[in-house]
>>> print(open('structure-v5.txt').read())   # compact mmCIF, C-alpha atoms and all ligand atoms
# COMPACT_ATOMS: atom_id res chain seq x y z
CA MET E 3 97.22 81.14 61.92
CA ASN E 4 100.10 81.06 64.42
CA SER E 5 101.12 84.17 66.34
CA ILE E 6 104.56 85.60 65.73
CA ARG E 7 107.18 84.30 68.11
CA ALA E 8 110.95 84.46 68.26
CA ALA E 9 112.48 81.11 67.36
CA PHE E 10 115.45 81.47 69.72
CA THR E 11 116.05 83.13 73.07
CA ASP E 12 119.73 83.82 72.33
CA ILE E 13 121.13 86.23 69.76
CA PRO E 14 124.69 85.59 68.59
CA ALA E 15 127.23 88.31 69.40
CA SER E 16 128.52 90.35 66.46
CA GLY E 17 130.75 88.14 64.37
CA ALA E 18 129.70 84.95 66.18
CA VAL E 19 127.61 82.16 64.67
CA GLN E 20 124.71 80.12 66.02
CA GLU E 21 123.20 77.02 64.43
CA VAL E 22 119.52 77.67 63.66
CA ALA E 23 118.71 74.54 61.64
CA ASP E 24 120.63 71.45 60.63
CA GLY E 25 123.52 72.83 58.56
CA VAL E 26 122.39 76.47 58.71
CA LEU E 27 124.35 79.03 60.74
CA TRP E 28 123.17 82.51 61.74
CA LEU E 29 125.88 85.17 61.66
CA ARG E 30 125.17 88.60 63.07
CA MET E 31 127.13 91.59 61.66
CA PRO E 32 127.06 95.17 62.96
CA LEU E 33 125.69 98.11 60.92
CA PRO E 34 126.54 101.72 61.79
CA PHE E 35 122.92 102.90 61.50
CA ALA E 36 119.80 103.12 63.65
CA LEU E 37 119.19 99.59 62.35
CA ASP E 38 122.40 98.36 63.94
CA HIS E 39 122.78 94.83 62.60
CA ILE E 40 122.24 92.51 59.67
CA ASN E 41 121.77 88.76 59.82
CA LEU E 42 123.84 86.76 57.38
CA TYR E 43 123.57 82.99 57.10
CA LEU E 44 125.84 80.13 56.11
CA VAL E 45 124.48 76.97 54.53
CA ASP E 46 126.46 73.73 54.77
CA ASP E 47 127.27 72.40 51.31
CA GLY E 48 129.28 69.35 52.24
CA ASP E 49 132.88 70.27 51.61
CA GLY E 50 132.28 73.98 52.26
CA TRP E 51 129.72 76.67 52.95
CA VAL E 52 127.50 78.96 50.91
CA ALA E 53 127.27 82.41 52.48
CA ILE E 54 123.95 84.23 52.28
CA ASP E 55 124.60 87.98 51.87
CA SER E 56 127.91 89.73 52.43
CA GLY E 57 127.39 92.57 54.91
CA LEU E 58 128.23 96.22 54.49
CA VAL E 59 131.42 97.41 52.82
CA GLY E 60 134.36 98.11 55.14
CA GLU E 61 137.02 96.82 57.46
CA SER E 62 134.69 95.91 60.31
CA THR E 63 132.77 93.44 58.10
CA ARG E 64 136.04 92.02 56.77
CA GLU E 65 137.40 91.41 60.27
CA HIS E 66 134.24 89.60 61.27
CA TRP E 67 134.34 87.43 58.15
CA ARG E 68 138.00 86.53 58.65
CA ARG E 69 137.34 85.50 62.24
CA VAL E 70 134.27 83.43 61.35
CA ILE E 71 136.07 81.65 58.52
CA ASP E 72 139.09 80.96 60.77
CA GLN E 73 137.18 79.82 63.83
CA SER E 74 133.59 78.81 63.15
CA LEU E 75 133.35 76.81 59.92
CA ASP E 76 135.08 73.54 60.94
CA GLY E 77 138.03 74.45 58.76
CA ARG E 78 135.87 74.18 55.62
CA PRO E 79 136.05 77.01 53.07
CA LEU E 80 133.42 79.29 51.61
CA LYS E 81 132.27 77.92 48.24
CA ALA E 82 129.96 80.68 47.04
CA LEU E 83 128.27 83.91 48.05
CA LEU E 84 124.53 84.10 47.40
CA VAL E 85 123.22 87.66 47.63
CA THR E 86 119.47 88.11 48.10
CA HIS E 87 119.34 91.65 46.68
CA TYR E 88 121.42 94.66 45.73
CA HIS E 89 121.13 96.85 48.82
CA PRO E 90 124.53 97.77 50.28
CA ASP E 91 124.16 95.91 53.58
CA HIS E 92 123.61 92.72 51.55
CA LEU E 93 125.91 93.23 48.54
CA GLY E 94 128.36 95.90 49.78
CA SER E 95 131.22 93.57 50.73
CA ALA E 96 130.64 91.06 47.94
CA GLY E 97 133.55 92.33 45.83
CA TRP E 98 136.01 91.81 48.65
CA LEU E 99 134.55 88.54 49.87
CA CYS E 100 134.49 86.94 46.40
CA GLU E 101 138.00 88.06 45.57
CA ALA E 102 139.62 87.35 48.93
CA PHE E 103 138.21 83.80 49.11
CA GLY E 104 138.04 83.02 45.38
CA ILE E 105 134.31 82.34 45.38
CA PRO E 106 131.58 83.08 42.79
CA LEU E 107 128.67 85.48 43.30
CA TRP E 108 125.17 84.05 42.94
CA ILE E 109 122.50 86.69 42.43
CA THR E 110 119.48 87.44 40.20
CA ALA E 111 120.23 89.44 37.05
CA PRO E 112 117.98 92.45 37.88
CA GLU E 113 119.64 92.86 41.28
CA TYR E 114 123.08 92.81 39.71
CA GLN E 115 121.98 95.38 37.13
CA ALA E 116 120.52 97.67 39.82
CA ALA E 117 123.86 97.65 41.63
CA GLU E 118 125.74 98.34 38.39
CA PHE E 119 123.50 101.37 37.84
CA LEU E 120 124.17 102.72 41.32
CA LEU E 121 127.90 102.27 40.88
CA CYS E 122 128.04 104.26 37.66
CA GLU E 123 126.18 107.04 39.39
CA ARG E 124 129.12 109.42 39.13
CA SER E 125 128.06 110.25 35.57
CA GLU E 126 126.63 113.76 35.39
CA THR E 127 123.75 112.67 33.15
CA VAL E 128 122.63 110.02 35.58
CA ARG E 129 122.89 112.42 38.49
CA ALA E 130 120.86 115.06 36.62
CA THR E 131 118.15 112.46 35.90
CA GLN E 132 118.03 111.50 39.54
CA CYS E 133 117.78 115.13 40.70
CA ALA E 134 115.00 115.88 38.19
CA TYR E 135 113.08 112.96 39.62
CA TYR E 136 113.43 114.18 43.21
CA ARG E 137 112.50 117.73 42.10
CA SER E 138 109.23 116.42 40.66
CA LEU E 139 108.34 115.17 44.14
CA GLY E 140 108.42 118.79 45.33
CA MET E 141 111.78 118.73 47.13
CA SER E 142 113.24 122.09 48.17
CA ALA E 143 116.71 123.18 47.01
CA GLU E 144 118.04 122.30 50.46
CA GLN E 145 116.48 118.83 50.38
CA LEU E 146 117.90 118.28 46.89
CA ASP E 147 121.37 119.10 48.22
CA THR E 148 120.92 116.46 50.91
CA VAL E 149 119.81 113.94 48.29
CA ARG E 150 122.76 114.78 46.04
CA ALA E 151 125.21 114.20 48.91
CA GLN E 152 123.45 110.98 49.79
CA LEU E 153 123.59 109.68 46.21
CA GLN E 154 127.30 110.41 46.08
CA ARG E 155 127.82 108.41 49.27
CA MET E 156 125.79 105.48 47.88
CA ALA E 157 128.36 104.84 45.18
CA SER E 158 131.03 104.29 47.84
CA ALA E 159 128.82 101.90 49.82
CA TYR E 160 130.04 98.99 47.67
CA ASP E 161 133.30 97.28 46.94
CA PRO E 162 133.83 97.05 43.17
CA LEU E 163 131.28 94.49 42.00
CA PRO E 164 132.60 90.96 41.54
CA PRO E 165 131.88 89.25 38.21
CA LEU E 166 128.46 87.69 37.87
CA GLY E 167 128.79 84.00 38.76
CA GLN E 168 125.59 81.98 38.82
CA VAL E 169 122.43 83.85 37.78
CA LEU E 170 119.53 82.91 40.03
CA ASP E 171 116.04 82.80 38.58
CA ALA E 172 112.50 82.03 39.69
CA GLY E 173 111.88 78.31 39.89
CA ASP E 174 115.55 77.36 40.30
CA GLU E 175 116.32 74.58 42.73
CA LEU E 176 119.62 74.59 44.54
CA HIS E 177 121.07 71.41 46.04
CA LEU E 178 123.19 72.30 49.01
CA GLY E 179 124.59 69.68 51.35
CA GLY E 180 122.09 67.11 50.04
CA ARG E 181 119.08 69.39 50.61
CA HIS E 182 116.84 71.19 48.15
CA TRP E 183 116.31 74.93 48.28
CA GLN E 184 113.57 76.41 46.10
CA VAL E 185 114.36 79.85 44.70
CA ARG E 186 111.50 82.34 44.38
CA LEU E 187 111.71 85.98 43.35
CA ALA E 188 109.99 88.84 45.12
CA THR E 189 109.57 92.32 43.66
CA GLY E 190 108.84 95.59 45.40
CA HIS E 191 111.57 96.09 47.97
CA SER E 192 114.08 95.52 45.19
CA PRO E 193 113.73 94.36 41.56
CA ALA E 194 114.10 90.58 41.93
CA HIS E 195 114.88 89.69 45.52
CA ALA E 196 115.76 86.00 45.93
CA VAL E 197 113.92 84.12 48.66
CA LEU E 198 114.91 80.50 49.37
CA TYR E 199 112.90 77.73 50.98
CA SER E 200 114.00 74.26 51.98
CA PRO E 201 111.06 71.85 52.29
CA GLU E 202 113.24 69.28 54.10
CA LEU E 203 114.22 71.77 56.80
CA GLY E 204 111.05 73.87 56.78
CA VAL E 205 113.33 76.90 56.63
CA MET E 206 113.04 80.10 54.60
CA LEU E 207 115.96 82.43 53.92
CA ALA E 208 113.89 85.59 53.72
CA GLY E 209 116.41 88.42 53.23
CA ASP E 210 114.44 91.68 53.59
CA GLN E 211 111.23 90.19 52.21
CA VAL E 212 109.64 89.24 55.52
CA LEU E 213 110.98 90.92 58.65
CA PRO E 214 109.26 90.27 61.98
CA ARG E 215 109.20 93.76 63.48
CA ILE E 216 110.03 96.31 60.79
CA SER E 217 108.44 96.80 57.41
CA SER E 218 110.75 96.73 54.41
CA ASN E 219 110.92 99.87 52.30
CA VAL E 220 108.84 99.63 49.14
CA GLY E 221 109.52 102.68 47.02
CA ILE E 222 109.89 104.17 43.57
CA TYR E 223 113.46 105.25 42.83
CA PRO E 224 115.15 106.56 39.71
CA GLU E 225 117.55 103.62 39.56
CA ARG E 226 114.59 101.28 39.23
CA LEU E 227 112.22 100.97 36.33
CA ASP E 228 109.33 99.58 38.34
CA THR E 229 106.40 102.02 38.36
CA ASP E 230 104.19 99.83 40.56
CA PRO E 231 106.47 98.37 43.22
CA LEU E 232 103.70 98.26 45.83
CA GLY E 233 101.44 96.23 43.53
CA HIS E 234 104.32 93.83 42.89
CA TRP E 235 105.22 93.70 46.58
CA LEU E 236 101.67 92.76 47.59
CA GLU E 237 101.61 90.04 44.91
CA SER E 238 104.96 88.75 46.20
CA LEU E 239 103.62 88.57 49.76
CA GLU E 240 100.67 86.60 48.44
CA ARG E 241 103.00 84.10 46.75
CA LEU E 242 104.98 83.55 49.96
CA GLN E 243 101.76 82.42 51.59
CA GLN E 244 102.22 79.11 49.70
CA TRP E 245 104.86 78.05 52.22
CA PRO E 246 103.69 76.53 55.51
CA ASP E 247 102.74 78.70 58.45
CA ASP E 248 105.16 76.80 60.72
CA THR E 249 108.15 77.71 58.52
CA LEU E 250 111.22 78.90 60.41
CA VAL E 251 111.78 82.33 58.84
CA LEU E 252 115.39 83.53 58.78
CA PRO E 253 115.23 87.29 58.11
CA ALA E 254 118.06 89.71 57.38
CA HIS E 255 117.04 91.98 60.27
CA ASN E 256 115.53 91.42 63.73
CA GLU E 257 115.52 87.73 64.73
CA PRO E 258 114.48 84.35 63.27
CA PHE E 259 110.79 83.71 63.93
CA TYR E 260 107.72 81.55 63.46
CA GLY E 261 104.36 82.94 62.34
CA LEU E 262 104.90 83.48 58.61
CA HIS E 263 101.23 83.83 57.63
CA ARG E 264 100.40 86.23 60.46
CA ARG E 265 103.37 88.43 59.54
CA LEU E 266 102.39 88.45 55.86
CA GLN E 267 98.91 89.58 56.89
CA GLU E 268 100.33 92.32 59.14
CA LEU E 269 102.47 93.64 56.29
CA ARG E 270 99.47 93.74 53.95
CA ASP E 271 97.41 95.52 56.63
CA ASP E 272 100.15 98.11 57.13
CA HIS E 273 100.11 99.05 53.44
CA ALA E 274 96.31 99.10 53.33
CA GLY E 275 96.38 101.57 56.25
CA LYS E 276 98.86 103.83 54.46
CA LEU E 277 96.74 103.79 51.28
CA LYS E 278 93.66 104.82 53.27
CA GLN E 279 95.57 107.63 54.97
CA LEU E 280 96.86 108.96 51.67
CA GLU E 281 93.39 109.02 50.15
CA SER E 282 92.19 111.09 53.09
CA PHE E 283 95.20 113.46 52.81
CA CYS E 284 94.63 114.00 49.08
CA LEU E 285 91.19 115.60 49.25
CA GLU E 286 93.04 118.58 47.82
CA PRO E 287 96.07 118.35 45.50
CA ARG E 288 99.30 117.56 47.37
CA THR E 289 102.90 116.99 46.39
CA VAL E 290 104.85 113.98 47.64
CA MET E 291 106.92 116.20 49.92
CA GLU E 292 103.75 117.69 51.44
CA LEU E 293 102.49 114.17 52.12
CA VAL E 294 105.71 112.72 53.58
CA PRO E 295 105.44 114.52 56.98
CA LEU E 296 101.76 113.54 57.21
CA LEU E 297 102.49 109.88 56.51
CA TYR E 298 105.69 109.76 58.60
CA PRO E 299 105.30 112.33 61.40
CA ARG E 300 108.89 112.25 62.67
CA PRO E 301 112.08 114.12 61.75
CA LEU E 302 113.65 112.62 58.62
CA GLY E 303 117.04 113.48 57.19
CA GLY E 304 119.32 112.22 54.42
CA MET E 305 118.68 108.63 53.51
CA ASP E 306 115.48 108.40 55.56
CA LEU E 307 113.99 111.32 53.66
CA MET E 308 114.74 109.65 50.31
CA LEU E 309 113.30 106.35 51.46
CA ALA E 310 110.17 108.00 52.88
CA ALA E 311 109.61 109.98 49.67
CA GLY E 312 110.09 106.88 47.52
CA GLU E 313 107.71 104.85 49.65
CA CYS E 314 105.09 107.59 49.76
CA LEU E 315 105.26 107.82 45.95
CA ALA E 316 104.90 104.03 45.60
CA HIS E 317 101.65 104.15 47.56
CA LEU E 318 100.39 107.15 45.57
CA GLU E 319 101.18 105.50 42.24
CA TYR E 320 99.45 102.33 43.40
CA LEU E 321 96.28 104.41 43.88
CA VAL E 322 96.75 106.30 40.59
CA GLN E 323 97.04 103.03 38.65
CA ARG E 324 93.85 101.72 40.27
CA ASN E 325 91.93 104.94 39.69
CA GLY E 326 91.88 106.05 43.32
CA LEU E 327 93.92 109.21 42.71
CA VAL E 328 94.94 111.39 39.80
CA ARG E 329 98.43 112.79 39.27
CA GLU E 330 98.84 116.15 37.60
CA THR E 331 102.09 117.85 36.62
CA ASP E 332 102.32 121.62 37.07
CA ALA E 333 104.24 124.11 34.90
CA GLU E 334 107.42 123.52 36.93
CA GLY E 335 107.25 119.76 36.46
CA ILE E 336 106.10 119.05 40.02
CA TRP E 337 103.56 116.27 40.57
CA HIS E 338 100.32 116.85 42.52
CA PHE E 339 98.08 114.02 43.69
CA CYS E 340 94.36 114.35 44.37
CA VAL E 341 91.36 112.05 44.82
CA LEU E 342 89.17 111.72 41.75
ZN ZN X 401 117.01 95.68 51.43
>>> encode(input="structure-v5.txt", output="structure tokens")
Amino acid sequence: MNSIRAAFTDIPASGAVQEVADGVLWLRMPLPFALDHINLYLVDDGDGWVAIDSGLVGESTREHWRRVIDQSLDGRPLKALLVTHYHPDHLGSAGWLCEAFGIPLWITAPEYQAAEFLLCERSETVRATQCAYYRSLGMSAEQLDTVRAQLQRMASAYDPLPPLGQVLDAGDELHLGGRHWQVRLATGHSPAHAVLYSPELGVMLAGDQVLPRISSNVGIYPERLDTDPLGHWLESLERLQQWPDDTLVLPAHNEPFYGLHRRLQELRDDHAGKLKQLESFCLEPRTVMELVPLLYPRPLGGMDLMLAAGECLAHLEYLVQRNGLVRETDAEGIWHFCVL
């Protein structure tokens, strides 16, 4: 098993491109968060380019796209936008990009549906359902206020969704610029995240499925109907093992790298460690919000708190479904987890 090593010494400046494989460009875009960038990619398709992910909503992303299209694509147009999954840094600008350049959106159906759900979040019923869910985790009134504000902001993290163009599905093969790209779906970080692999190039477009230095969030959220995302995530990691260890992995965050199998093992080990910790914390009944500071001992606010709670719950439910823990609901509807 190879160790993990960066594939390139240089990182392109924001809004600049760098060729990372024959006919594949790496485009770095800024993000206004602690995670301050996203990697987008462009795949040569002969008379134009297929963009992989759109970047976050907003003027800064648009400016970068306009400059790249004007200066870095040999005068050839964008032909399509392929979005790996529905999270706003990947899909947020899709509405603008598809409309401004007259291109279709390629995405899996469950990812499109998840975004549609988030965007109709302004409905009071939906918001009440979401708040009831977070209350059952044991959130305080103050934490629920933070979550409410966060959910409201989420709806504005997207341009209006473009129409669904090509629906991607497991087992599809795309032919781009004379090369084959196998489409596989991964579940856990999002409902049906598309991962692409080109055997000719030995290149994988990994989205958020395999990141070299950070672990992708795997959580249970009210906009998703998956009650065992961690189980599905671990199965997805197993399936990615089928691709060669010397694959050049092009992730959506951090930098392109080699060492696919080692990284898959590290990700599995990280979740196994969290499961062990939770079992030891649950010797007496605990709510999710009591467990979050034990599992993530650092200050968490807003979005981070929601993500931590969702991920903690995903690990707890994984154990419940495999008879490691029991979940009980008290008179106020709050869940408590305890070892059997
Ligand atoms: Zn994501």
>>> residues_near_ligand(input="structure-v5.txt", ligand="ligand ZN 401 (chain X)", cutoff="10 Å", atoms="all atoms listed in the file", output="PDB file with C-alpha atoms, keeping the file's coordinate frame")
ATOM      1  CA  THR E  86     119.470  88.110  48.100  1.00  0.00           C
ATOM      2  CA  HIS E  87     119.340  91.650  46.680  1.00  0.00           C
ATOM      3  CA  TYR E  88     121.420  94.660  45.730  1.00  0.00           C
ATOM      4  CA  HIS E  89     121.130  96.850  48.820  1.00  0.00           C
ATOM      5  CA  PRO E  90     124.530  97.770  50.280  1.00  0.00           C
ATOM      6  CA  ASP E  91     124.160  95.910  53.580  1.00  0.00           C
ATOM      7  CA  HIS E  92     123.610  92.720  51.550  1.00  0.00           C
ATOM      8  CA  LEU E  93     125.910  93.230  48.540  1.00  0.00           C
ATOM      9  CA  HIS E 191     111.570  96.090  47.970  1.00  0.00           C
ATOM     10  CA  SER E 192     114.080  95.520  45.190  1.00  0.00           C
ATOM     11  CA  HIS E 195     114.880  89.690  45.520  1.00  0.00           C
ATOM     12  CA  GLY E 209     116.410  88.420  53.230  1.00  0.00           C
ATOM     13  CA  ASP E 210     114.440  91.680  53.590  1.00  0.00           C
ATOM     14  CA  GLN E 211     111.230  90.190  52.210  1.00  0.00           C
ATOM     15  CA  SER E 218     110.750  96.730  54.410  1.00  0.00           C
ATOM     16  CA  ASN E 219     110.920  99.870  52.300  1.00  0.00           C
ATOM     17  CA  VAL E 220     108.840  99.630  49.140  1.00  0.00           C
ATOM     18  CA  ALA E 254     118.060  89.710  57.380  1.00  0.00           C
ATOM     19  CA  HIS E 255     117.040  91.980  60.270  1.00  0.00           C
TER      20      HIS E 255
END
>>> residues_around(input="structure-v5.txt", residues="Glu225 (chain E)", least_positions_apart="5", cutoff="9 Å", atoms="all atoms listed in the file", output="MDAnalysis selection string")
chainID E and resid 116:117 119:120 132
>>> residues_around(input="structure-v5.txt", residues="region 67-80 of chain E", least_positions_apart="2", cutoff="12 Å", atoms="all atoms listed in the file", output="short mmCIF file (atom, residue, chain, number, x, y, z; two decimals) with C-alpha atoms, keeping the file's coordinate frame")
data_model
loop_
_atom_site.label_atom_id
_atom_site.label_comp_id
_atom_site.auth_asym_id
_atom_site.auth_seq_id
_atom_site.Cartn_x
_atom_site.Cartn_y
_atom_site.Cartn_z
CA ALA E 15 127.23 88.31 69.40
CA SER E 16 128.52 90.35 66.46
CA GLY E 17 130.75 88.14 64.37
CA ALA E 18 129.70 84.95 66.18
CA VAL E 19 127.61 82.16 64.67
CA GLN E 20 124.71 80.12 66.02
CA GLU E 21 123.20 77.02 64.43
CA GLY E 25 123.52 72.83 58.56
CA VAL E 26 122.39 76.47 58.71
CA LEU E 27 124.35 79.03 60.74
CA TRP E 28 123.17 82.51 61.74
CA LEU E 29 125.88 85.17 61.66
CA ARG E 30 125.17 88.60 63.07
CA MET E 31 127.13 91.59 61.66
CA PRO E 32 127.06 95.17 62.96
CA LEU E 42 123.84 86.76 57.38
CA TYR E 43 123.57 82.99 57.10
CA LEU E 44 125.84 80.13 56.11
CA VAL E 45 124.48 76.97 54.53
CA ASP E 46 126.46 73.73 54.77
CA ASP E 47 127.27 72.40 51.31
CA GLY E 48 129.28 69.35 52.24
CA ASP E 49 132.88 70.27 51.61
CA GLY E 50 132.28 73.98 52.26
CA TRP E 51 129.72 76.67 52.95
CA VAL E 52 127.50 78.96 50.91
CA ALA E 53 127.27 82.41 52.48
CA ILE E 54 123.95 84.23 52.28
CA ASP E 55 124.60 87.98 51.87
CA SER E 56 127.91 89.73 52.43
CA GLY E 57 127.39 92.57 54.91
CA LEU E 58 128.23 96.22 54.49
CA VAL E 59 131.42 97.41 52.82
CA GLY E 60 134.36 98.11 55.14
CA GLU E 61 137.02 96.82 57.46
CA SER E 62 134.69 95.91 60.31
CA THR E 63 132.77 93.44 58.10
CA ARG E 64 136.04 92.02 56.77
CA GLU E 65 137.40 91.41 60.27
CA ALA E 82 129.96 80.68 47.04
CA LEU E 83 128.27 83.91 48.05
CA LEU E 84 124.53 84.10 47.40
CA SER E 95 131.22 93.57 50.73
CA ALA E 96 130.64 91.06 47.94
CA TRP E 98 136.01 91.81 48.65
CA LEU E 99 134.55 88.54 49.87
CA CYS E 100 134.49 86.94 46.40
CA GLU E 101 138.00 88.06 45.57
CA ALA E 102 139.62 87.35 48.93
CA PHE E 103 138.21 83.80 49.11
CA GLY E 104 138.04 83.02 45.38
CA ILE E 105 134.31 82.34 45.38
CA PRO E 106 131.58 83.08 42.79
CA LEU E 107 128.67 85.48 43.30
#
>>> closest_residue(input="structure-v5.txt", among="E:Leu293, E:Leu285, E:Asp306, E:Ser142", to="Leu342 (chain E)", atoms="all atoms listed in the file")
E:Leu285
>>> residues_around(input="structure-v5.txt", residues="Asn4 (chain E)", least_positions_apart="5", cutoff="10 Å", atoms="all atoms listed in the file", output="compact mmCIF listing (two decimals) with C-alpha atoms, keeping the file's coordinate frame")
# COMPACT_ATOMS: atom_id res chain seq x y z
CA ASP E 247 102.74 78.70 58.45
CA ASP E 248 105.16 76.80 60.72
CA TYR E 260 107.72 81.55 63.46
CA GLY E 261 104.36 82.94 62.34
CA LEU E 262 104.90 83.48 58.61
CA HIS E 263 101.23 83.83 57.63
CA ARG E 264 100.40 86.23 60.46
CA ARG E 265 103.37 88.43 59.54
>>> atom_distance(input="structure-v5.txt", atom1="CA of Gly303 (chain E)", atom2="CA of Thr148 (chain E)")
8.0 Å
>>> residues_around(input="structure-v5.txt", residues="Trp183 (chain E)", least_positions_apart="2", cutoff="7 Å", atoms="all atoms listed in the file", output="ChimeraX atom specification")
/E:175-177,181,185,198-200
>>> closest_atom_pairs(input="structure-v5.txt", of="region 156-255 of chain E", to="region 324-339 of chain E", cutoff="12 Å", atoms="only C-alpha atoms", output="JSON lines")
{"residue": "E:Asp230", "atom": "CA", "partner": "E:Arg324", "partner_atom": "CA", "distance": 10.5}
{"residue": "E:Leu232", "atom": "CA", "partner": "E:Arg324", "partner_atom": "CA", "distance": 11.8}
{"residue": "E:Gly233", "atom": "CA", "partner": "E:Arg324", "partner_atom": "CA", "distance": 9.9}
>>> residues_around(input="structure-v5.txt", residues="Val149 (chain E)", least_positions_apart="6", cutoff="8 Å", atoms="only C-alpha atoms", output="short mmCIF file (atom, residue, chain, number, x, y, z; two decimals) with C-alpha atoms, in the frame of the given file")
data_model
loop_
_atom_site.label_atom_id
_atom_site.label_comp_id
_atom_site.auth_asym_id
_atom_site.auth_seq_id
_atom_site.Cartn_x
_atom_site.Cartn_y
_atom_site.Cartn_z
CA CYS E 133 117.78 115.13 40.70
CA GLY E 304 119.32 112.22 54.42
CA MET E 305 118.68 108.63 53.51
CA MET E 308 114.74 109.65 50.31
#
>>> closest_residue(input="structure-v5.txt", among="E:Leu309, E:Leu252, E:Ala172, E:Val341", to="Ala9 (chain E)", atoms="only C-alpha atoms")
E:Leu252
>>> atom_distance(input="structure-v5.txt", atom1="CA of Gln323 (chain E)", atom2="CA of Ala134 (chain E)")
22.1 Å
>>> closest_residue(input="structure-v5.txt", among="E:Ala196, E:Leu236, E:Cys340, E:Val294", to="Asp272 (chain E)", atoms="only C-alpha atoms")
E:Leu236
>>> closest_residue(input="structure-v5.txt", among="E:Met141, E:Asp147, E:Cys284, E:Arg186", to="Gln244 (chain E)", atoms="only C-alpha atoms")
E:Arg186
>>> closest_residue(input="structure-v5.txt", among="E:Val169, E:Ala151, E:Ile222, E:Leu250", to="Leu203 (chain E)", atoms="all atoms listed in the file")
E:Leu250
>>> closest_residue(input="structure-v5.txt", among="E:Ile40, E:Met206, E:Leu33, E:Leu277", to="Thr249 (chain E)", atoms="all atoms listed in the file")
E:Met206
>>> atom_distance(input="structure-v5.txt", atom1="CA of Leu139 (chain E)", atom2="CA of Glu118 (chain E)")
24.9 Å
>>> residues_near_point(input="structure-v5.txt", point="(118.8, 89.5, 41.1)", cutoff="7 Å", atoms="all atoms listed in the file", output="VMD selection string")
chain E and resid 87 109 to 114 170 194 to 196
>>> decode(input="structure-v5.txt", residues="region 146-169 of chain E", atoms="C-alpha atoms", output="PDB file, in the first residue's frame")
ATOM      1  CA  LEU E 146     -32.184  25.702  18.341  1.00  0.00           C
ATOM      2  CA  ASP E 147     -32.208  29.434  17.568  1.00  0.00           C
ATOM      3  CA  THR E 148     -28.737  29.101  16.070  1.00  0.00           C
ATOM      4  CA  VAL E 149     -29.885  26.141  13.983  1.00  0.00           C
ATOM      5  CA  ARG E 150     -32.990  28.005  12.802  1.00  0.00           C
ATOM      6  CA  ALA E 151     -30.858  30.958  11.647  1.00  0.00           C
ATOM      7  CA  GLN E 152     -28.455  28.577   9.957  1.00  0.00           C
ATOM      8  CA  LEU E 153     -31.240  26.744   8.111  1.00  0.00           C
ATOM      9  CA  GLN E 154     -32.597  30.051   6.855  1.00  0.00           C
ATOM     10  CA  ARG E 155     -29.164  30.975   5.513  1.00  0.00           C
ATOM     11  CA  MET E 156     -28.827  27.581   3.778  1.00  0.00           C
ATOM     12  CA  ALA E 157     -31.699  28.371   1.445  1.00  0.00           C
ATOM     13  CA  SER E 158     -29.831  31.432   0.159  1.00  0.00           C
ATOM     14  CA  ALA E 159     -26.619  29.458  -0.395  1.00  0.00           C
ATOM     15  CA  TYR E 160     -27.828  28.455  -3.869  1.00  0.00           C
ATOM     16  CA  ASP E 161     -28.738  30.180  -7.075  1.00  0.00           C
ATOM     17  CA  PRO E 162     -32.177  29.014  -8.256  1.00  0.00           C
ATOM     18  CA  LEU E 163     -31.637  25.430  -9.375  1.00  0.00           C
ATOM     19  CA  PRO E 164     -31.140  24.941 -13.113  1.00  0.00           C
ATOM     20  CA  PRO E 165     -33.320  22.343 -14.837  1.00  0.00           C
ATOM     21  CA  LEU E 166     -32.163  18.763 -14.523  1.00  0.00           C
ATOM     22  CA  GLY E 167     -30.139  17.937 -17.647  1.00  0.00           C
ATOM     23  CA  GLN E 168     -28.517  14.516 -17.757  1.00  0.00           C
ATOM     24  CA  VAL E 169     -29.281  12.231 -14.805  1.00  0.00           C
TER      25      VAL E 169
END
